[in-house]
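Report on the following structure.
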Amino acid sequence: QVQLVESGGGLVQAGGSLRLSCAASVSILSIGSMGWYRQGLGNQRDLVATAFSGGRTNYADSVKDRFTISRDNAKNTVYLQMDSLKPEDTAVYYCNALISGYRNYWGQGTQVTVSS
């Protein structure tokens, strides 16, 4: 069983920055894919960014050049640095770990609110 605990959400003005953290209860060295998703009110949960164990990253078009995902294997933590935040970034952000291509684990979510 893998537990994921997110932190770092909050209220920020448009143009500001936040850094989300996701601490895993196990070593993330062997976790092939760790990512961040978000779900706005009344919307589906969408992929924001993914960091693969080999170093490759992937971003949704809406956050490219503004958000940066990174993995700290020594701390078993994944980060999402969010810059130039917009009101449309407001959502609950969830950390995800995908193991062996089919075992999915989720954190409890952290609220990010961007005021205009």
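Numbering starts fresh at 1 for the residues of each chain in the structure tokens, the chains themselves are lettered A, B, ... in the order given, and ligands are numbered from 1 as they appear.
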
For this session: Name all residues at most 8 Å from Glu6 in chain A (count only C-alpha atoms; drop same-chain ones fewer than 2 positions away) and give them as an NGL selection string.
Result: :A and (4 or 8 or 20-23 or 94-95 or 107-110)

Output file for the residues above (C-alpha atoms, as a compact mmCIF listing (two decimals), in the first residue's frame):
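Printed below is out13.txt as written:
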```txt
# COMPACT_ATOMS: atom_id res chain seq x y z
CA LEU A 4 0.52 9.97 -0.61
CA GLY A 8 1.32 23.44 -0.08
CA LEU A 20 2.88 21.72 -3.92
CA SER A 21 4.55 18.74 -2.28
CA CYS A 22 3.57 15.09 -2.32
CA ALA A 23 5.27 12.86 0.23
CA TYR A 94 -4.22 15.45 -6.38
CA CYS A 95 -0.95 13.54 -6.34
CA GLY A 107 -3.49 11.50 -2.25
CA GLN A 108 -6.34 13.25 -0.43
CA GLY A 109 -5.98 16.45 -2.44
CA THR A 110 -5.01 20.02 -1.65
```

Exercise. Which residues, written as an MDAnalysis selection string, have at least one atom at most 12 Å from Pro87 in chain A, with only C-alpha atoms counted and residues fewer than 6 positions away on the same chain left out?
Worked result: chainID A and resid 11:16 40 112:116

For this session: Pick out the residues sitting within 8 Å of Leu18 in chain A, and hand them over as a ChimeraX atom specification; count only C-alpha atoms, and ignore anything fewer than 6 positions along from it in its own chain.
Result: /A:8-10,12,81-83

Could those selected residues go to a file with C-alpha atoms, as a PDB file, in the first residue's frame?
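Just written: result.pdb:
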```pdb
ATOM      1  CA  GLY A   8       1.319  23.442  -0.076  1.00  0.00           C
ATOM      2  CA  GLY A   9      -2.062  24.511  -1.372  1.00  0.00           C
ATOM      3  CA  GLY A  10      -3.676  27.804  -0.458  1.00  0.00           C
ATOM      4  CA  VAL A  12      -2.866  33.257  -3.972  1.00  0.00           C
ATOM      5  CA  GLN A  81       6.120  24.450  -8.778  1.00  0.00           C
ATOM      6  CA  MET A  82       3.339  26.660 -10.069  1.00  0.00           C
ATOM      7  CA  ASP A  83       4.194  30.126 -11.369  1.00  0.00           C
TER       8      ASP A  83
END
```

For this session: Go through A:Ala49, A:Leu29, A:Ala24, A:Ile99 and flag the residue nearest Arg66 in chain A, using only C-alpha atoms for the distances.
Result: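 Of the candidates, the smallest distance to Arg66 in chain A is held by A:Ala49.
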
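Computed from the coordinates, the CA of Gln39 in chain A to CA of Ile69 in chain A distance equals 17.6 Å.
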
For this session: Excluding Ser33 in chain A and residues on its chain fewer than 2 positions from it, collect all residues at most 6 Å away from it, counting only C-alpha atoms, and give them as a ChimeraX atom specification.
Result: /A:31,51-52,97-98

Selection above as a file: C-alpha atoms, as a compact mmCIF listing (two decimals), in the first residue's frame:
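Okay, this is what ended up in out02.txt:
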```
# COMPACT_ATOMS: atom_id res chain seq x y z
CA ILE A 31 7.59 4.11 -9.11
CA ALA A 51 7.36 12.85 -13.96
CA PHE A 52 8.66 9.46 -15.06
CA ALA A 97 1.48 7.26 -8.26
CA LEU A 98 1.21 4.64 -10.98
```

For this session: Between CA of Ile28 in chain A and CA of Tyr59 in chain A, measure the distance and give it in Å to one decimal.
Result: 19.8 Å

For this session: For CA of Ser30 in chain A and CA of Asp61 in chain A, determine how far apart the two atoms are, in Å to one decimal place.
Result: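 The value is 27.3 Å.
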
Problem set entry | Shell of 9 Å around Val26 in chain A, only C-alpha atoms, local chain residues under 4 positions omitted, as a ChimeraX atom specification | /A:1-3,76

For this session: Could you find all residues in chain A that DSSP calls strand (DSSP E or B) from the backbone, and write them as a count of residues only?
Result: 64

Seminar exercise, completed: Residue with the minimum atom-to-atom distance to Arg103 in chain A, picked from A:Met34, A:Asp65, A:Val5, A:Ser27 with only C-alpha atoms counted, is A:Met34
